[in-house]
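Structure file run20.cif (mmCIF, C-alpha atoms) follows.
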```cif
data_start
loop_
_atom_site.label_atom_id
_atom_site.label_comp_id
_atom_site.auth_asym_id
_atom_site.auth_seq_id
_atom_site.Cartn_x
_atom_site.Cartn_y
_atom_site.Cartn_z
CA MET A 1 1.60 30.62 20.29
CA PRO A 2 -1.14 30.77 17.63
CA ILE A 3 -0.02 30.43 14.03
CA SER A 4 -3.21 31.44 12.19
CA GLU A 5 -6.06 33.90 12.42
CA ARG A 6 -8.52 31.00 12.62
CA GLN A 7 -7.08 30.07 16.03
CA VAL A 8 -7.22 33.64 17.36
CA ARG A 9 -10.59 34.83 16.02
CA PRO A 10 -12.76 33.07 18.67
CA LEU A 11 -10.57 34.55 21.43
CA THR A 12 -11.50 38.12 20.51
CA GLN A 13 -14.87 37.68 22.25
CA LEU A 14 -13.17 37.18 25.63
CA GLU A 15 -11.33 39.23 28.21
CA PRO A 16 -7.49 38.88 28.22
CA ASP A 17 -7.53 36.58 31.29
CA GLN A 18 -10.09 34.34 29.64
CA GLN A 19 -8.10 34.36 26.40
CA ARG A 20 -5.04 32.97 28.20
CA GLU A 21 -7.16 30.35 29.99
CA VAL A 22 -8.76 29.21 26.73
CA TRP A 23 -5.42 29.02 24.96
CA GLN A 24 -3.95 26.87 27.74
CA GLN A 25 -6.98 24.56 27.68
CA ALA A 26 -6.79 24.34 23.88
CA VAL A 27 -3.08 23.41 23.96
CA GLU A 28 -3.86 20.71 26.56
CA ALA A 29 -6.77 19.43 24.42
CA ALA A 30 -4.40 19.26 21.43
CA GLY A 31 -1.93 17.12 23.37
CA GLY A 32 0.59 19.91 23.97
CA LYS A 33 0.66 20.94 20.30
CA VAL A 34 -0.69 24.05 18.61
CA PRO A 35 -4.48 23.60 18.68
CA SER A 36 -6.73 23.86 15.64
CA GLY A 37 -9.18 26.72 15.27
CA ARG A 38 -12.01 24.24 15.89
CA ILE A 39 -10.60 23.25 19.29
CA VAL A 40 -10.22 26.91 20.32
CA LYS A 41 -13.74 27.73 19.10
CA ASP A 42 -15.27 24.81 21.04
CA ILE A 43 -13.54 25.84 24.28
CA VAL A 44 -14.58 29.49 23.81
CA GLN A 45 -18.17 28.34 23.32
CA ARG A 46 -18.08 26.34 26.57
CA ILE A 47 -16.71 29.35 28.46
CA ARG A 48 -19.32 31.66 26.94
CA GLU A 49 -22.06 29.28 28.03
CA ARG A 50 -20.57 29.00 31.51
CA THR A 51 -20.08 32.75 31.99
CA LYS A 52 -23.26 33.74 30.12
CA ILE A 53 -21.76 36.55 28.07
CA PRO A 54 -24.79 38.52 26.84
CA ILE A 55 -25.61 38.56 23.15
CA PRO A 56 -25.22 42.12 21.81
CA TYR A 57 -28.26 42.03 19.51
CA ARG A 58 -31.72 43.37 20.24
CA VAL A 59 -35.16 42.64 18.81
CA GLY A 60 -35.53 44.68 15.61
CA ASP A 61 -31.83 44.77 14.73
CA VAL A 62 -31.03 44.15 11.08
CA CYS A 63 -28.12 41.77 10.59
CA GLU A 64 -26.34 39.96 7.80
CA ILE A 65 -26.12 36.17 8.04
CA LEU A 66 -22.58 34.76 7.93
CA ILE A 67 -22.40 31.05 7.15
CA LYS A 68 -18.91 30.40 8.57
CA ASP A 69 -18.87 26.79 9.83
CA ASN A 70 -22.65 26.33 10.03
CA PRO A 71 -23.99 24.13 7.20
CA ASP A 72 -27.57 24.74 8.44
CA LEU A 73 -27.27 28.28 7.07
CA ARG A 74 -26.24 27.20 3.58
CA GLY A 75 -27.98 29.38 1.00
CA LEU A 76 -28.47 32.23 3.47
CA GLY A 77 -24.98 33.71 3.42
CA GLY A 78 -25.16 37.43 2.78
CA CYS A 79 -28.92 37.59 3.33
CA TRP A 80 -30.19 40.20 5.74
CA CYS A 81 -32.45 39.26 8.60
CA ILE A 82 -34.47 40.84 11.37
CA VAL A 83 -33.81 39.73 14.96
CA ILE A 84 -37.20 38.72 16.34
CA GLU A 85 -36.08 37.08 19.60
CA VAL A 86 -32.87 37.16 21.62
CA ARG A 87 -32.16 33.92 23.43
CA GLU A 88 -29.45 32.94 25.88
CA PHE A 89 -26.90 31.79 23.27
CA SER A 90 -28.57 32.59 19.96
CA CYS A 91 -31.12 34.76 18.19
CA LEU A 92 -34.27 33.82 16.34
CA VAL A 93 -34.18 35.74 13.07
CA ARG A 94 -36.58 36.17 10.17
CA THR A 95 -35.39 36.16 6.58
CA TRP A 96 -37.26 36.36 3.29
CA ASN A 97 -37.85 32.60 3.40
CA GLY A 98 -38.34 31.67 7.04
CA GLU A 99 -37.22 31.86 10.63
CA TYR A 100 -33.89 30.50 11.83
CA THR A 101 -32.06 30.12 15.10
CA VAL A 102 -28.64 31.67 14.58
CA ARG A 103 -25.68 31.89 16.94
CA GLU A 104 -24.03 35.25 17.54
CA GLU A 105 -20.94 34.39 15.50
CA ASN A 106 -23.15 33.87 12.43
CA LEU A 107 -24.56 37.41 12.55
CA ARG A 108 -23.11 40.79 11.66
CA ASP A 109 -25.01 43.92 12.71
CA LEU A 110 -25.67 46.14 9.70
CA GLN A 111 -25.85 49.15 12.04
CA TYR A 112 -28.78 50.77 10.28
CA SER A 113 -30.37 53.93 11.62
CA PRO A 114 -33.76 53.58 13.37
CA ASP A 115 -35.50 54.77 10.18
CA HIS A 116 -33.65 52.24 8.04
CA ARG A 117 -34.41 49.46 10.56
CA GLN A 118 -38.09 50.36 10.30
CA ASN A 119 -37.89 50.29 6.47
CA MET A 120 -36.26 46.85 6.61
CA GLN A 121 -38.92 45.59 9.04
CA GLN A 122 -41.64 46.70 6.63
CA LEU A 123 -39.83 45.11 3.69
CA SER A 124 -39.44 41.91 5.71
CA ASP A 125 -43.17 41.87 6.44
CA ARG A 126 -43.93 42.32 2.74
CA LEU A 127 -41.57 39.52 1.68
CA VAL A 128 -43.00 37.15 4.29
CA GLU A 129 -46.50 37.80 2.90
CA LEU A 130 -45.27 36.67 -0.52
CA ARG A 131 -43.51 33.56 0.76
CA SER A 132 -46.34 31.32 -0.49
CA LEU A 133 -45.56 32.44 -4.05
CA GLY A 134 -41.96 31.28 -3.59
CA GLU A 135 -42.72 27.86 -5.02
CA GLU A 136 -42.67 29.52 -8.45
CA GLU A 137 -39.02 29.60 -9.57
CA THR A 138 -39.05 33.17 -10.90
CA VAL A 139 -40.83 34.56 -7.85
CA ARG A 140 -38.42 32.70 -5.58
CA ALA A 141 -35.46 34.29 -7.41
CA ILE A 142 -36.98 37.76 -6.98
CA LEU A 143 -37.66 37.23 -3.28
CA GLU A 144 -34.17 35.86 -2.76
CA THR A 145 -32.65 38.88 -4.51
CA LEU A 146 -34.69 41.33 -2.43
CA GLY A 147 -33.79 39.34 0.69
CA SER A 148 -30.09 39.84 0.10
CA LEU A 149 -29.98 43.52 -0.85
CA LYS A 150 -26.98 45.37 0.51
CA ARG A 151 -28.96 48.56 1.17
CA PRO A 152 -31.92 49.47 3.40
CA TYR A 153 -34.29 50.58 0.63
CA LEU A 154 -35.76 49.50 -2.68
CA ASN A 155 -35.04 51.39 -5.88
CA PRO A 156 -38.11 52.43 -7.91
CA TRP A 157 -37.87 49.40 -10.21
CA GLU A 158 -37.67 46.97 -7.27
CA GLU A 159 -40.60 48.73 -5.57
CA LYS A 160 -42.77 48.38 -8.70
CA LEU A 161 -41.82 44.72 -9.04
CA LEU A 162 -42.70 44.04 -5.41
CA GLU A 163 -46.00 45.90 -5.78
CA PHE A 164 -46.80 43.76 -8.84
CA LEU A 165 -46.16 40.57 -6.87
CA GLU A 166 -48.28 41.85 -3.99
CA GLY A 167 -51.12 42.62 -6.41
CA TYR A 168 -50.82 39.17 -7.95
CA ASN A 169 -50.83 37.58 -4.48
CA ALA A 170 -54.01 39.50 -3.53
CA ARG A 171 -55.96 37.80 -6.32
#
```
Represent the structure contained in this file as structure tokens.
Amino acid sequence: MPISERQVRPLTQLEPDQQREVWQQAVEAAGGKVPSGRIVKDIVQRIRERTKIPIPYRVGDVCEILIKDNPDLRGLGGCWCIVIEVREFSCLVRTWNGEYTVREENLRDLQYSPDHRQNMQQLSDRLVELRSLGEEETVRAILETLGSLKRPYLNPWEEKLLEFLEGYNAR
């Protein structure tokens, strides 16, 4: 039987029959002992790839990036992103500082309304336009802050600041 949440968490993506199958395979892979969370996660991933469980995200969804065990996402934890392409086992997302291929387990849907998703898409477009200014330390900090907001709108102060940067960029 599992002894930690880390061992059980990957199983929640599967049907009960698949959960039992994965657990048995994980125990075998661990030499008859209680398997680590990493072993369970790896076996779940193989089953997902074999059974082609569809990714629940759609183009235009706004998600939060969760780093979890993915060092490639370091520095992006908590940032919001826009799903721009849904692939077989991952999504291509756009953040304030670039595009990244992210697996499903590293995304959390922010469940914004259609209007809020549209607002976030427009904000994303504006931040991407300013990306070239990101080499300047202060501008980079502003873009990073706006790229990790926990709400689907800018307050008046943030809007004025973004408009100032856009005006500066137009020069």
Range 72-75 of chain A surroundings by all atoms listed in the file, 10 Å radius, close-in-sequence under 4 positions cut, as a ChimeraX atom specification: /A:65-68,79,100-102,106,144
Taking only residues of range 33-72 of chain A that have an atom at most 10 Å from an atom of range 111-123 of chain A, what is each one's shortest atom pair and its distance in Å to one decimal, using only C-alpha atoms, in chain and number order, as a Markdown table?
```
| residue | atom | partner | partner_atom | distance |
| --- | --- | --- | --- | --- |
| A:Gly60 | CA | A:Arg117 | CA | 7.0 |
| A:Asp61 | CA | A:Arg117 | CA | 6.8 |
| A:Val62 | CA | A:Arg117 | CA | 6.3 |
| A:Cys63 | CA | A:Gln111 | CA | 7.9 |
```
Gap from CA of Val59 in chain A to CA of Gly98 in chain A - Å, one decimal: 16.4 Å
On this structure, the PyMOL selection byres ((chain A and resi 19) around 12) would catch which residues? List them as a list in words, sorted by chain and number.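 Given this file, the PyMOL selection byres ((chain A and resi 19) around 12) evaluates to Pro2, Gln7, Val8, Arg9, Pro10, Leu11, Thr12, Gln13, Leu14, Glu15, Pro16, Asp17, Gln18, Arg20, Glu21, Val22, Trp23, Gln24, Gln25, Ala26, Val40, Lys41, Ile43, Val44, Ile47 and Arg48 of chain A.
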Explicit residues for the PyMOL selection byres ((chain A and resi 34) around 8) (as an MDAnalysis selection string): chainID A and resid 1:3 27 30 32:33 35:36
Go ahead and write the residues just picked, C-alpha atoms, as a PDB file, keeping the file's coordinate frame.
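Output saved as part25.pdb:
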```pdb
ATOM      1  CA  MET A   1       1.600  30.620  20.290  1.00  0.00           C
ATOM      2  CA  PRO A   2      -1.140  30.770  17.630  1.00  0.00           C
ATOM      3  CA  ILE A   3      -0.020  30.430  14.030  1.00  0.00           C
ATOM      4  CA  VAL A  27      -3.080  23.410  23.960  1.00  0.00           C
ATOM      5  CA  ALA A  30      -4.400  19.260  21.430  1.00  0.00           C
ATOM      6  CA  GLY A  32       0.590  19.910  23.970  1.00  0.00           C
ATOM      7  CA  LYS A  33       0.660  20.940  20.300  1.00  0.00           C
ATOM      8  CA  PRO A  35      -4.480  23.600  18.680  1.00  0.00           C
ATOM      9  CA  SER A  36      -6.730  23.860  15.640  1.00  0.00           C
TER      10      SER A  36
END
```
Record the distance separating CA of Glu166 in chain A and CA of Ser124 in chain A, expressed in Å with one decimal. 13.1 Å
Which one of A:Leu76, A:Leu146, A:Leu130, A:Ala141 sits closest to Gly167 in chain A if you count all atoms listed in the file?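 Ranked by minimum distance to Gly167 in chain A, first place goes to A:Leu130.
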For the provided coordinates, the residues matched by the PyMOL selection byres ((chain A and resi 89-96) around 7) should be stated as a PDB file with C-alpha atoms, in the frame of the given file.
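Output contents, as saved in result-v9.pdb:
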```pdb
ATOM      1  CA  ILE A  55     -25.610  38.560  23.150  1.00  0.00           C
ATOM      2  CA  TRP A  80     -30.190  40.200   5.740  1.00  0.00           C
ATOM      3  CA  CYS A  81     -32.450  39.260   8.600  1.00  0.00           C
ATOM      4  CA  ILE A  82     -34.470  40.840  11.370  1.00  0.00           C
ATOM      5  CA  VAL A  83     -33.810  39.730  14.960  1.00  0.00           C
ATOM      6  CA  ILE A  84     -37.200  38.720  16.340  1.00  0.00           C
ATOM      7  CA  GLU A  85     -36.080  37.080  19.600  1.00  0.00           C
ATOM      8  CA  VAL A  86     -32.870  37.160  21.620  1.00  0.00           C
ATOM      9  CA  ARG A  87     -32.160  33.920  23.430  1.00  0.00           C
ATOM     10  CA  GLU A  88     -29.450  32.940  25.880  1.00  0.00           C
ATOM     11  CA  ASN A  97     -37.850  32.600   3.400  1.00  0.00           C
ATOM     12  CA  GLY A  98     -38.340  31.670   7.040  1.00  0.00           C
ATOM     13  CA  GLU A  99     -37.220  31.860  10.630  1.00  0.00           C
ATOM     14  CA  TYR A 100     -33.890  30.500  11.830  1.00  0.00           C
ATOM     15  CA  THR A 101     -32.060  30.120  15.100  1.00  0.00           C
ATOM     16  CA  VAL A 102     -28.640  31.670  14.580  1.00  0.00           C
ATOM     17  CA  ARG A 103     -25.680  31.890  16.940  1.00  0.00           C
ATOM     18  CA  GLU A 104     -24.030  35.250  17.540  1.00  0.00           C
ATOM     19  CA  SER A 124     -39.440  41.910   5.710  1.00  0.00           C
ATOM     20  CA  LEU A 127     -41.570  39.520   1.680  1.00  0.00           C
ATOM     21  CA  VAL A 128     -43.000  37.150   4.290  1.00  0.00           C
ATOM     22  CA  LEU A 143     -37.660  37.230  -3.280  1.00  0.00           C
ATOM     23  CA  GLU A 144     -34.170  35.860  -2.760  1.00  0.00           C
ATOM     24  CA  GLY A 147     -33.790  39.340   0.690  1.00  0.00           C
TER      25      GLY A 147
END
```
From the set A:Arg6, A:Leu165, A:Asn155, A:Ile39, which residue has the shortest atom-to-atom contact distance to Ser132 in chain A, counting only C-alpha atoms?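 Comparing A:Arg6, A:Leu165, A:Asn155, A:Ile39 against Ser132 in chain A, the winner is A:Leu165.
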